[in-house]
Every structure is written in structure tokens, then in C-alpha cells.
>>> print(open('final_2.pdb').read())   # PDB, C-alpha atoms
ATOM      1  CA  MET A 264       4.247 139.246-266.437  1.00  0.00           C
ATOM      2  CA  LYS A 265       6.061 136.804-264.162  1.00  0.00           C
ATOM      3  CA  ILE A 266       4.057 134.070-262.390  1.00  0.00           C
ATOM      4  CA  GLY A 267       5.203 131.583-259.744  1.00  0.00           C
ATOM      5  CA  VAL A 268       3.815 128.058-260.108  1.00  0.00           C
ATOM      6  CA  ILE A 269       3.899 125.599-257.213  1.00  0.00           C
ATOM      7  CA  SER A 270       2.130 122.388-256.235  1.00  0.00           C
ATOM      8  CA  ASP A 271       2.113 119.580-253.703  1.00  0.00           C
ATOM      9  CA  THR A 272       3.463 121.570-250.767  1.00  0.00           C
ATOM     10  CA  HIS A 273       1.644 119.228-248.355  1.00  0.00           C
ATOM     11  CA  GLY A 274       1.846 121.809-245.557  1.00  0.00           C
ATOM     12  CA  TYR A 275       5.503 122.751-246.017  1.00  0.00           C
ATOM     13  CA  LEU A 276       6.681 125.963-247.636  1.00  0.00           C
ATOM     14  CA  ASP A 277      10.399 125.736-248.358  1.00  0.00           C
ATOM     15  CA  PRO A 278      12.073 129.024-247.333  1.00  0.00           C
ATOM     16  CA  ALA A 279      13.812 129.087-250.748  1.00  0.00           C
ATOM     17  CA  VAL A 280      10.432 129.796-252.382  1.00  0.00           C
ATOM     18  CA  PHE A 281      10.521 133.371-251.053  1.00  0.00           C
ATOM     19  CA  GLN A 282      13.739 134.042-252.975  1.00  0.00           C
ATOM     20  CA  LEU A 283      12.769 132.035-256.078  1.00  0.00           C
ATOM     21  CA  PHE A 284       9.410 133.816-256.350  1.00  0.00           C
ATOM     22  CA  ALA A 285      10.781 137.300-255.599  1.00  0.00           C
ATOM     23  CA  GLY A 286       9.228 139.688-258.104  1.00  0.00           C
ATOM     24  CA  VAL A 287       6.404 137.439-259.270  1.00  0.00           C
ATOM     25  CA  GLU A 288       3.070 139.185-259.766  1.00  0.00           C
ATOM     26  CA  HIS A 289       0.873 136.168-259.013  1.00  0.00           C
ATOM     27  CA  ILE A 290       1.248 132.621-257.687  1.00  0.00           C
ATOM     28  CA  LEU A 291      -0.669 129.597-258.985  1.00  0.00           C
ATOM     29  CA  HIS A 292      -0.858 126.586-256.644  1.00  0.00           C
ATOM     30  CA  GLY A 293      -1.813 123.258-258.229  1.00  0.00           C
ATOM     31  CA  GLY A 294      -3.237 121.634-255.084  1.00  0.00           C
ATOM     32  CA  ASP A 295      -2.284 119.491-252.091  1.00  0.00           C
ATOM     33  CA  VAL A 296      -1.686 122.721-250.211  1.00  0.00           C
ATOM     34  CA  GLY A 297      -1.848 121.635-246.577  1.00  0.00           C
ATOM     35  CA  PRO A 298      -3.212 124.085-243.997  1.00  0.00           C
ATOM     36  CA  TYR A 299      -4.579 127.421-245.208  1.00  0.00           C
ATOM     37  CA  SER A 300      -1.747 129.184-243.375  1.00  0.00           C
ATOM     38  CA  LEU A 301       0.493 128.110-246.268  1.00  0.00           C
ATOM     39  CA  ILE A 302      -1.630 130.214-248.658  1.00  0.00           C
ATOM     40  CA  HIS A 303      -1.237 133.176-246.272  1.00  0.00           C
ATOM     41  CA  GLN A 304       2.546 132.705-246.353  1.00  0.00           C
ATOM     42  CA  LEU A 305       2.534 132.698-250.157  1.00  0.00           C
ATOM     43  CA  GLU A 306       0.352 135.832-250.145  1.00  0.00           C
ATOM     44  CA  GLN A 307       3.289 137.652-248.506  1.00  0.00           C
ATOM     45  CA  ILE A 308       4.960 137.294-251.924  1.00  0.00           C
ATOM     46  CA  ALA A 309       2.026 137.865-254.323  1.00  0.00           C
ATOM     47  CA  PRO A 310      -1.704 137.162-254.749  1.00  0.00           C
ATOM     48  CA  VAL A 311      -2.481 133.434-254.906  1.00  0.00           C
ATOM     49  CA  THR A 312      -4.933 131.307-256.869  1.00  0.00           C
ATOM     50  CA  ALA A 313      -5.039 127.738-255.557  1.00  0.00           C
ATOM     51  CA  VAL A 314      -7.102 124.585-256.015  1.00  0.00           C
ATOM     52  CA  LEU A 315      -8.046 121.728-253.737  1.00  0.00           C
ATOM     53  CA  GLY A 316      -5.833 118.652-253.947  1.00  0.00           C
ATOM     54  CA  ASN A 317      -6.742 115.059-253.157  1.00  0.00           C
ATOM     55  CA  THR A 318      -5.109 115.298-249.699  1.00  0.00           C
ATOM     56  CA  ASP A 319      -6.654 118.684-248.828  1.00  0.00           C
ATOM     57  CA  GLY A 320      -9.744 119.018-246.658  1.00  0.00           C
ATOM     58  CA  HIS A 321     -12.764 120.966-247.850  1.00  0.00           C
ATOM     59  CA  GLU A 322     -12.409 123.243-244.812  1.00  0.00           C
ATOM     60  CA  LEU A 323      -9.762 125.123-246.812  1.00  0.00           C
ATOM     61  CA  GLY A 324     -12.562 126.683-248.827  1.00  0.00           C
ATOM     62  CA  LEU A 325     -10.743 125.974-252.075  1.00  0.00           C
ATOM     63  CA  ARG A 326     -12.472 124.691-255.188  1.00  0.00           C
ATOM     64  CA  GLU A 327     -11.398 121.715-257.279  1.00  0.00           C
ATOM     65  CA  VAL A 328     -11.178 123.883-260.400  1.00  0.00           C
ATOM     66  CA  GLU A 329     -10.240 127.535-260.881  1.00  0.00           C
ATOM     67  CA  THR A 330      -9.776 129.778-263.886  1.00  0.00           C
ATOM     68  CA  VAL A 331      -7.892 133.049-263.809  1.00  0.00           C
ATOM     69  CA  LEU A 332      -6.847 135.607-266.415  1.00  0.00           C
ATOM     70  CA  LEU A 333      -3.289 136.899-265.936  1.00  0.00           C
ATOM     71  CA  GLY A 334      -1.279 138.988-268.363  1.00  0.00           C
ATOM     72  CA  GLY A 335      -3.899 138.430-271.058  1.00  0.00           C
ATOM     73  CA  CYS A 336      -3.557 134.646-270.715  1.00  0.00           C
ATOM     74  CA  SER A 337      -6.296 132.381-269.363  1.00  0.00           C
ATOM     75  CA  PHE A 338      -5.217 129.695-266.878  1.00  0.00           C
ATOM     76  CA  PHE A 339      -7.155 126.606-265.800  1.00  0.00           C
ATOM     77  CA  LEU A 340      -6.120 124.937-262.517  1.00  0.00           C
ATOM     78  CA  ARG A 341      -6.995 121.400-261.389  1.00  0.00           C
ATOM     79  CA  HIS A 342      -4.924 119.122-259.169  1.00  0.00           C
ATOM     80  CA  ILE A 343      -5.249 115.820-261.023  1.00  0.00           C
ATOM     81  CA  VAL A 344      -4.836 115.768-264.800  1.00  0.00           C
ATOM     82  CA  GLU A 345      -4.146 112.443-266.475  1.00  0.00           C
ATOM     83  CA  MET A 346      -1.974 113.414-269.432  1.00  0.00           C
ATOM     84  CA  GLY A 347      -2.092 109.957-270.991  1.00  0.00           C
ATOM     85  CA  SER A 348      -5.876 109.956-271.157  1.00  0.00           C
ATOM     86  CA  LEU A 349      -7.330 113.444-271.016  1.00  0.00           C
ATOM     87  CA  ASP A 350     -11.041 113.085-270.328  1.00  0.00           C
ATOM     88  CA  THR A 351     -13.601 114.921-272.439  1.00  0.00           C
ATOM     89  CA  ALA A 352     -15.141 116.684-269.409  1.00  0.00           C
ATOM     90  CA  LEU A 353     -11.779 118.247-268.549  1.00  0.00           C
ATOM     91  CA  LEU A 354     -11.135 119.310-272.141  1.00  0.00           C
ATOM     92  CA  SER A 355     -14.636 120.780-272.322  1.00  0.00           C
ATOM     93  CA  HIS A 356     -13.966 122.877-269.180  1.00  0.00           C
ATOM     94  CA  VAL A 357     -10.611 124.014-270.551  1.00  0.00           C
ATOM     95  CA  ARG A 358     -12.125 125.031-273.891  1.00  0.00           C
ATOM     96  CA  ARG A 359     -15.027 126.891-272.244  1.00  0.00           C
ATOM     97  CA  ALA A 360     -12.487 128.835-270.194  1.00  0.00           C
ATOM     98  CA  ALA A 361     -10.516 129.549-273.389  1.00  0.00           C
ATOM     99  CA  ALA A 362      -7.466 128.489-271.363  1.00  0.00           C
ATOM    100  CA  ARG A 363      -4.028 128.596-272.941  1.00  0.00           C
ATOM    101  CA  VAL A 364      -2.420 126.955-269.909  1.00  0.00           C
ATOM    102  CA  VAL A 365      -3.528 124.142-267.579  1.00  0.00           C
ATOM    103  CA  ILE A 366      -1.755 124.054-264.211  1.00  0.00           C
ATOM    104  CA  PHE A 367      -1.809 120.769-262.304  1.00  0.00           C
ATOM    105  CA  GLY A 368       0.110 118.708-259.770  1.00  0.00           C
ATOM    106  CA  HIS A 369      -0.373 115.298-258.134  1.00  0.00           C
ATOM    107  CA  THR A 370       2.361 113.352-259.964  1.00  0.00           C
ATOM    108  CA  HIS A 371       5.222 115.038-258.051  1.00  0.00           C
ATOM    109  CA  ARG A 372       7.100 115.261-261.370  1.00  0.00           C
ATOM    110  CA  PRO A 373       7.739 118.499-263.253  1.00  0.00           C
ATOM    111  CA  SER A 374       6.453 118.443-266.817  1.00  0.00           C
ATOM    112  CA  GLN A 375       5.329 120.611-269.668  1.00  0.00           C
ATOM    113  CA  GLU A 376       3.450 119.320-272.660  1.00  0.00           C
ATOM    114  CA  ARG A 377       1.441 120.944-275.422  1.00  0.00           C
ATOM    115  CA  GLN A 378      -1.729 119.318-276.699  1.00  0.00           C
ATOM    116  CA  GLY A 379      -4.119 120.983-279.096  1.00  0.00           C
ATOM    117  CA  GLY A 380      -2.522 124.386-278.602  1.00  0.00           C
ATOM    118  CA  ILE A 381      -2.852 124.151-274.807  1.00  0.00           C
ATOM    119  CA  LEU A 382       0.164 124.058-272.499  1.00  0.00           C
ATOM    120  CA  PHE A 383      -0.162 121.555-269.635  1.00  0.00           C
ATOM    121  CA  LEU A 384       2.254 122.513-266.843  1.00  0.00           C
ATOM    122  CA  ASN A 385       3.107 120.629-263.660  1.00  0.00           C
ATOM    123  CA  PRO A 386       5.718 122.484-261.546  1.00  0.00           C
ATOM    124  CA  GLY A 387       6.634 119.324-259.640  1.00  0.00           C
ATOM    125  CA  TYR A 388       6.727 118.534-255.935  1.00  0.00           C
ATOM    126  CA  ALA A 389       7.494 121.342-253.462  1.00  0.00           C
ATOM    127  CA  GLY A 390       6.854 119.611-250.113  1.00  0.00           C
ATOM    128  CA  ARG A 391       9.324 118.337-247.532  1.00  0.00           C
ATOM    129  CA  PRO A 392      12.282 116.377-248.880  1.00  0.00           C
ATOM    130  CA  ARG A 393      11.439 112.660-248.985  1.00  0.00           C
ATOM    131  CA  PHE A 394      11.975 109.460-250.960  1.00  0.00           C
ATOM    132  CA  GLN A 395      14.751 111.011-253.059  1.00  0.00           C
ATOM    133  CA  LEU A 396      12.114 113.015-254.962  1.00  0.00           C
ATOM    134  CA  GLN A 397      13.479 115.952-256.916  1.00  0.00           C
ATOM    135  CA  ARG A 398      11.681 119.028-255.582  1.00  0.00           C
ATOM    136  CA  SER A 399      10.861 121.985-257.813  1.00  0.00           C
ATOM    137  CA  VAL A 400       8.719 124.991-258.617  1.00  0.00           C
ATOM    138  CA  ALA A 401       8.323 126.845-261.900  1.00  0.00           C
ATOM    139  CA  LEU A 402       8.411 130.396-263.165  1.00  0.00           C
ATOM    140  CA  LEU A 403       6.232 131.314-266.084  1.00  0.00           C
ATOM    141  CA  ARG A 404       6.884 134.506-268.020  1.00  0.00           C
ATOM    142  CA  ILE A 405       4.261 135.959-270.333  1.00  0.00           C
ATOM    143  CA  GLU A 406       5.494 138.348-273.003  1.00  0.00           C
ATOM    144  CA  ALA A 407       3.075 139.339-275.762  1.00  0.00           C
ATOM    145  CA  GLU A 408       2.002 135.977-277.226  1.00  0.00           C
ATOM    146  CA  SER A 409       4.888 133.901-275.863  1.00  0.00           C
ATOM    147  CA  LEU A 410       5.107 131.801-272.723  1.00  0.00           C
ATOM    148  CA  GLU A 411       8.492 130.957-271.211  1.00  0.00           C
ATOM    149  CA  ILE A 412       8.782 128.278-268.525  1.00  0.00           C
ATOM    150  CA  GLU A 413      11.696 127.736-266.166  1.00  0.00           C
ATOM    151  CA  PHE A 414      11.794 124.885-263.663  1.00  0.00           C
ATOM    152  CA  LEU A 415      13.718 125.742-260.499  1.00  0.00           C
ATOM    153  CA  PRO A 416      15.023 123.058-258.129  1.00  0.00           C
ATOM    154  CA  LEU A 417      14.422 123.416-254.385  1.00  0.00           C
TER     155      LEU A 417
END
>>> encode(input="final_2.pdb", output="C-alpha cells")
Amino acid sequence: MKIGVISDTHGYLDPAVFQLFAGVEHILHGGDVGPYSLIHQLEQIAPVTAVLGNTDGHELGLREVETVLLGGCSFFLRHIVEMGSLDTALLSHVRRAAARVVIFGHTHRPSQERQGGILFLNPGYAGRPRFQLQRSVALLRIEAESLEIEFLPL
């Protein structure tokens, strides 16, 4: 299964995302979406699971935390995850969800890190170009028990 991972769009969907996510079966959005119309645009590519970011309004109807099972793999989504000091409440939620992967955003920096058998994945910043920030999304491929991650620049 091929999954598109995106975060921190802040109301801007780069046209390149349509090509980069061609063929994905699902899209995971790590928050700071912008208007709900952005979710509708992504749904033209594939079904979307998204979470509320710290700049999103509650009128979006998104939740702060989501879990979803895709390709036999459980995903946990939350916008802000402090990798340097993972709080026990977060880890408790992740364990209850039996999540293998945590998707997050907020830092505007792509990263992947394994802790305690759990992959923490931030696809990076996908919003409008600004402040010399490197913009990116990620593709995640699930094959049997393996997970392959590819960061793609925008």
C-alpha cells in the first residue's frame, strides 16, 4: 500500500502534490490544514485522514487525534509531538491504539525516528514558500511487515 503524508499546508496546496501523490491509496495530513476546501482538493487524489493543527479553527470539524488502520498498519495522528520529551499521555494513547506509526507536523522539518518500536514521522512543511524553508511531503510504502519512507521536495 502507498500512502501520501503531508502536513502544515496552512491553506495552500502546491500543485506538485497531485503528481507526487499520484497512485496513493490514502493521504494522512498532520495538521495546520487551512480551510476545509484543502481537504476536498486532497480527496480528489485519495481518501484523507487529517487532524487539527494549532492554527486550525474548530469549525473544520477535525479532531486533535486520529487513529486509522491502513494496509494492516495502525497509524496515530497528532499535530504536535515533542520528540525530545514524549509525554506519558501521548505514549499511552499510541500504545492503546497499537500504533506502529505516529504522524505529526508543527516543526516544519521532515524527520523520521524510531522509539520503542514506533516510527515517528513528520513529512515536513508543505505550505507556501517562505523564509527559505525546505518544503516537502512524504510517501510511505507498506509491504508485508516493512515500512519504506521517501521524502519528496516541493
>>> resolve_selection(input="final_2.pdb", expression="the PyMOL selection byres ((chain A and resi 403) around 12)", output="PDB file with C-alpha atoms, keeping the file's coordinate frame")
ATOM      1  CA  MET A 264       4.247 139.246-266.437  1.00  0.00           C
ATOM      2  CA  LYS A 265       6.061 136.804-264.162  1.00  0.00           C
ATOM      3  CA  ILE A 266       4.057 134.070-262.390  1.00  0.00           C
ATOM      4  CA  GLY A 267       5.203 131.583-259.744  1.00  0.00           C
ATOM      5  CA  VAL A 268       3.815 128.058-260.108  1.00  0.00           C
ATOM      6  CA  ILE A 269       3.899 125.599-257.213  1.00  0.00           C
ATOM      7  CA  LEU A 283      12.769 132.035-256.078  1.00  0.00           C
ATOM      8  CA  PHE A 284       9.410 133.816-256.350  1.00  0.00           C
ATOM      9  CA  GLY A 286       9.228 139.688-258.104  1.00  0.00           C
ATOM     10  CA  VAL A 287       6.404 137.439-259.270  1.00  0.00           C
ATOM     11  CA  GLU A 288       3.070 139.185-259.766  1.00  0.00           C
ATOM     12  CA  HIS A 289       0.873 136.168-259.013  1.00  0.00           C
ATOM     13  CA  ILE A 290       1.248 132.621-257.687  1.00  0.00           C
ATOM     14  CA  LEU A 291      -0.669 129.597-258.985  1.00  0.00           C
ATOM     15  CA  LEU A 333      -3.289 136.899-265.936  1.00  0.00           C
ATOM     16  CA  GLY A 334      -1.279 138.988-268.363  1.00  0.00           C
ATOM     17  CA  CYS A 336      -3.557 134.646-270.715  1.00  0.00           C
ATOM     18  CA  PHE A 338      -5.217 129.695-266.878  1.00  0.00           C
ATOM     19  CA  VAL A 364      -2.420 126.955-269.909  1.00  0.00           C
ATOM     20  CA  ILE A 366      -1.755 124.054-264.211  1.00  0.00           C
ATOM     21  CA  GLN A 375       5.329 120.611-269.668  1.00  0.00           C
ATOM     22  CA  LEU A 382       0.164 124.058-272.499  1.00  0.00           C
ATOM     23  CA  LEU A 384       2.254 122.513-266.843  1.00  0.00           C
ATOM     24  CA  ASN A 385       3.107 120.629-263.660  1.00  0.00           C
ATOM     25  CA  PRO A 386       5.718 122.484-261.546  1.00  0.00           C
ATOM     26  CA  VAL A 400       8.719 124.991-258.617  1.00  0.00           C
ATOM     27  CA  ALA A 401       8.323 126.845-261.900  1.00  0.00           C
ATOM     28  CA  LEU A 402       8.411 130.396-263.165  1.00  0.00           C
ATOM     29  CA  ARG A 404       6.884 134.506-268.020  1.00  0.00           C
ATOM     30  CA  ILE A 405       4.261 135.959-270.333  1.00  0.00           C
ATOM     31  CA  GLU A 406       5.494 138.348-273.003  1.00  0.00           C
ATOM     32  CA  SER A 409       4.888 133.901-275.863  1.00  0.00           C
ATOM     33  CA  LEU A 410       5.107 131.801-272.723  1.00  0.00           C
ATOM     34  CA  GLU A 411       8.492 130.957-271.211  1.00  0.00           C
ATOM     35  CA  ILE A 412       8.782 128.278-268.525  1.00  0.00           C
ATOM     36  CA  GLU A 413      11.696 127.736-266.166  1.00  0.00           C
ATOM     37  CA  PHE A 414      11.794 124.885-263.663  1.00  0.00           C
ATOM     38  CA  LEU A 415      13.718 125.742-260.499  1.00  0.00           C
TER      39      LEU A 415
END
>>> resolve_selection(input="final_2.pdb", expression="the PyMOL selection byres ((chain A and resi 319) around 7)", output="list in words")
Asp295, Val296, Gly297, Leu315, Gly316, Asn317, Thr318, Gly320 and His321 of chain A
>>> closest_residue(input="final_2.pdb", among="A:Arg341, A:Arg372, A:His273, A:Arg391", to="A:His356", atoms="only C-alpha atoms")
A:Arg341
>>> atom_distance(input="final_2.pdb", atom1="atom CA of A:Leu301", atom2="atom CA of A:Ala361")
29.3 Å
>>> atom_distance(input="final_2.pdb", atom1="atom CA of A:Ser337", atom2="atom CA of A:Ala362")
4.5 Å
>>> atom_distance(input="final_2.pdb", atom1="atom CA of A:Gly368", atom2="atom CA of A:Ser270")
5.5 Å
>>> closest_residue(input="final_2.pdb", among="A:Ala407, A:Val311, A:Ile302, A:Val344", to="A:Glu327", atoms="only C-alpha atoms")
A:Val344
>>> resolve_selection(input="final_2.pdb", expression="the PyMOL selection byres ((chain A and resi 278) around 12)", output="PyMOL selection string")
chain A and resi 272+275-277+279-285+301+304-305+308+389-391+417
>>> axis_aligned_box(input="final_2.pdb", around="stretch 401-417 of chain A", padding_each_side="5 Å", output="lines of an AutoDock Vina configuration file")
center_x = 8.5
center_y = 131.2
center_z = -265.8
size_x = 23.0
size_y = 26.3
size_z = 32.8
>>> closest_residue(input="final_2.pdb", among="A:Leu396, A:Val331, A:His369, A:Gln378", to="A:Leu354", atoms="only C-alpha atoms")
A:Gln378
>>> closest_residue(input="final_2.pdb", among="A:His303, A:Arg358, A:Phe367, A:Ser399", to="A:Gly379", atoms="all atoms listed in the file")
A:Arg358
>>> closest_residue(input="final_2.pdb", among="A:Thr370, A:Ser355, A:Thr312, A:Thr330", to="A:His342", atoms="only C-alpha atoms")
A:Thr370
>>> residues_around(input="final_2.pdb", residues="A:Val314", least_positions_apart="3", cutoff="8 Å", atoms="only C-alpha atoms", output="short mmCIF file (atom, residue, chain, number, x, y, z; two decimals) with C-alpha atoms, in the frame of the given file")
data_model
loop_
_atom_site.label_atom_id
_atom_site.label_comp_id
_atom_site.auth_asym_id
_atom_site.auth_seq_id
_atom_site.Cartn_x
_atom_site.Cartn_y
_atom_site.Cartn_z
CA HIS A 292 -0.86 126.59 -256.64
CA GLY A 293 -1.81 123.26 -258.23
CA GLY A 294 -3.24 121.63 -255.08
CA LEU A 325 -10.74 125.97 -252.08
CA ARG A 326 -12.47 124.69 -255.19
CA GLU A 327 -11.40 121.72 -257.28
CA VAL A 328 -11.18 123.88 -260.40
CA GLU A 329 -10.24 127.54 -260.88
CA LEU A 340 -6.12 124.94 -262.52
CA ARG A 341 -7.00 121.40 -261.39
CA HIS A 342 -4.92 119.12 -259.17
#
>>> closest_residue(input="final_2.pdb", among="A:Glu376, A:Ala313, A:Ser300, A:Phe339", to="A:Arg363", atoms="all atoms listed in the file")
A:Phe339
>>> decode(input="final_2.pdb", residues="stretch 315-344 of chain A", atoms="N, CA and C atoms", output="PDB file, in the first residue's frame")
ATOM      1  N   LEU A 315      -6.490  18.250  13.511  1.00  0.00           N
ATOM      2  CA  LEU A 315      -6.497  19.678  13.778  1.00  0.00           C
ATOM      3  C   LEU A 315      -5.099  20.130  14.187  1.00  0.00           C
ATOM      4  N   GLY A 316      -4.637  21.205  13.587  1.00  0.00           N
ATOM      5  CA  GLY A 316      -3.354  21.798  13.976  1.00  0.00           C
ATOM      6  C   GLY A 316      -3.569  22.991  14.882  1.00  0.00           C
ATOM      7  N   ASN A 317      -2.498  23.541  15.410  1.00  0.00           N
ATOM      8  CA  ASN A 317      -2.611  24.663  16.343  1.00  0.00           C
ATOM      9  C   ASN A 317      -3.062  25.953  15.674  1.00  0.00           C
ATOM     10  N   THR A 318      -3.003  26.048  14.342  1.00  0.00           N
ATOM     11  CA  THR A 318      -3.501  27.247  13.658  1.00  0.00           C
ATOM     12  C   THR A 318      -4.866  27.020  13.019  1.00  0.00           C
ATOM     13  N   ASP A 319      -5.402  25.807  13.122  1.00  0.00           N
ATOM     14  CA  ASP A 319      -6.703  25.486  12.540  1.00  0.00           C
ATOM     15  C   ASP A 319      -7.826  25.865  13.499  1.00  0.00           C
ATOM     16  N   GLY A 320      -8.959  26.255  12.940  1.00  0.00           N
ATOM     17  CA  GLY A 320     -10.138  26.540  13.748  1.00  0.00           C
ATOM     18  C   GLY A 320     -10.972  25.275  13.933  1.00  0.00           C
ATOM     19  N   HIS A 321     -11.681  25.212  15.027  1.00  0.00           N
ATOM     20  CA  HIS A 321     -12.505  24.039  15.322  1.00  0.00           C
ATOM     21  C   HIS A 321     -13.660  23.881  14.344  1.00  0.00           C
ATOM     22  N   GLU A 322     -13.971  24.922  13.574  1.00  0.00           N
ATOM     23  CA  GLU A 322     -15.045  24.826  12.589  1.00  0.00           C
ATOM     24  C   GLU A 322     -14.728  23.814  11.484  1.00  0.00           C
ATOM     25  N   LEU A 323     -13.470  23.397  11.387  1.00  0.00           N
ATOM     26  CA  LEU A 323     -13.104  22.385  10.395  1.00  0.00           C
ATOM     27  C   LEU A 323     -13.746  21.037  10.705  1.00  0.00           C
ATOM     28  N   GLY A 324     -14.094  20.835  11.974  1.00  0.00           N
ATOM     29  CA  GLY A 324     -14.682  19.554  12.351  1.00  0.00           C
ATOM     30  C   GLY A 324     -13.657  18.444  12.493  1.00  0.00           C
ATOM     31  N   LEU A 325     -12.388  18.804  12.532  1.00  0.00           N
ATOM     32  CA  LEU A 325     -11.336  17.810  12.705  1.00  0.00           C
ATOM     33  C   LEU A 325     -11.064  17.609  14.188  1.00  0.00           C
ATOM     34  N   ARG A 326     -10.548  16.445  14.518  1.00  0.00           N
ATOM     35  CA  ARG A 326     -10.180  16.162  15.909  1.00  0.00           C
ATOM     36  C   ARG A 326      -8.681  16.356  16.085  1.00  0.00           C
ATOM     37  N   GLU A 327      -8.262  16.506  17.333  1.00  0.00           N
ATOM     38  CA  GLU A 327      -6.838  16.695  17.621  1.00  0.00           C
ATOM     39  C   GLU A 327      -6.047  15.412  17.450  1.00  0.00           C
ATOM     40  N   VAL A 328      -6.713  14.279  17.582  1.00  0.00           N
ATOM     41  CA  VAL A 328      -6.075  12.969  17.473  1.00  0.00           C
ATOM     42  C   VAL A 328      -6.937  12.065  16.601  1.00  0.00           C
ATOM     43  N   GLU A 329      -6.304  11.296  15.741  1.00  0.00           N
ATOM     44  CA  GLU A 329      -6.995  10.298  14.930  1.00  0.00           C
ATOM     45  C   GLU A 329      -6.166   9.019  14.916  1.00  0.00           C
ATOM     46  N   THR A 330      -6.847   7.905  14.789  1.00  0.00           N
ATOM     47  CA  THR A 330      -6.166   6.635  14.517  1.00  0.00           C
ATOM     48  C   THR A 330      -6.829   6.023  13.304  1.00  0.00           C
ATOM     49  N   VAL A 331      -6.036   5.357  12.491  1.00  0.00           N
ATOM     50  CA  VAL A 331      -6.560   4.733  11.279  1.00  0.00           C
ATOM     51  C   VAL A 331      -5.713   3.503  10.975  1.00  0.00           C
ATOM     52  N   LEU A 332      -6.381   2.452  10.500  1.00  0.00           N
ATOM     53  CA  LEU A 332      -5.712   1.220  10.110  1.00  0.00           C
ATOM     54  C   LEU A 332      -5.641   1.179   8.592  1.00  0.00           C
ATOM     55  N   LEU A 333      -4.434   1.119   8.056  1.00  0.00           N
ATOM     56  CA  LEU A 333      -4.206   1.106   6.606  1.00  0.00           C
ATOM     57  C   LEU A 333      -3.187   0.026   6.267  1.00  0.00           C
ATOM     58  N   GLY A 334      -3.516  -0.826   5.354  1.00  0.00           N
ATOM     59  CA  GLY A 334      -2.568  -1.858   4.927  1.00  0.00           C
ATOM     60  C   GLY A 334      -2.096  -2.737   6.067  1.00  0.00           C
ATOM     61  N   GLY A 335      -2.967  -2.951   7.058  1.00  0.00           N
ATOM     62  CA  GLY A 335      -2.602  -3.773   8.208  1.00  0.00           C
ATOM     63  C   GLY A 335      -1.725  -3.069   9.225  1.00  0.00           C
ATOM     64  N   CYS A 336      -1.530  -1.768   9.058  1.00  0.00           N
ATOM     65  CA  CYS A 336      -0.674  -0.979   9.948  1.00  0.00           C
ATOM     66  C   CYS A 336      -1.518   0.103  10.628  1.00  0.00           C
ATOM     67  N   SER A 337      -1.387   0.224  11.933  1.00  0.00           N
ATOM     68  CA  SER A 337      -2.135   1.226  12.681  1.00  0.00           C
ATOM     69  C   SER A 337      -1.340   2.530  12.759  1.00  0.00           C
ATOM     70  N   PHE A 338      -2.009   3.635  12.409  1.00  0.00           N
ATOM     71  CA  PHE A 338      -1.416   4.965  12.423  1.00  0.00           C
ATOM     72  C   PHE A 338      -2.091   5.820  13.485  1.00  0.00           C
ATOM     73  N   PHE A 339      -1.301   6.637  14.152  1.00  0.00           N
ATOM     74  CA  PHE A 339      -1.776   7.598  15.143  1.00  0.00           C
ATOM     75  C   PHE A 339      -1.364   8.970  14.642  1.00  0.00           C
ATOM     76  N   LEU A 340      -2.320   9.907  14.529  1.00  0.00           N
ATOM     77  CA  LEU A 340      -2.026  11.250  14.034  1.00  0.00           C
ATOM     78  C   LEU A 340      -2.293  12.281  15.121  1.00  0.00           C
ATOM     79  N   ARG A 341      -1.344  13.199  15.281  1.00  0.00           N
ATOM     80  CA  ARG A 341      -1.471  14.332  16.211  1.00  0.00           C
ATOM     81  C   ARG A 341      -0.519  15.411  15.712  1.00  0.00           C
ATOM     82  N   HIS A 342      -0.955  16.650  15.703  1.00  0.00           N
ATOM     83  CA  HIS A 342      -0.140  17.710  15.107  1.00  0.00           C
ATOM     84  C   HIS A 342       1.162  17.959  15.857  1.00  0.00           C
ATOM     85  N   ILE A 343       1.085  18.149  17.167  1.00  0.00           N
ATOM     86  CA  ILE A 343       2.288  18.484  17.927  1.00  0.00           C
ATOM     87  C   ILE A 343       2.758  17.270  18.716  1.00  0.00           C
ATOM     88  N   VAL A 344       3.971  16.843  18.420  1.00  0.00           N
ATOM     89  CA  VAL A 344       4.642  15.760  19.143  1.00  0.00           C
ATOM     90  C   VAL A 344       6.041  16.249  19.463  1.00  0.00           C
TER      91      VAL A 344
END
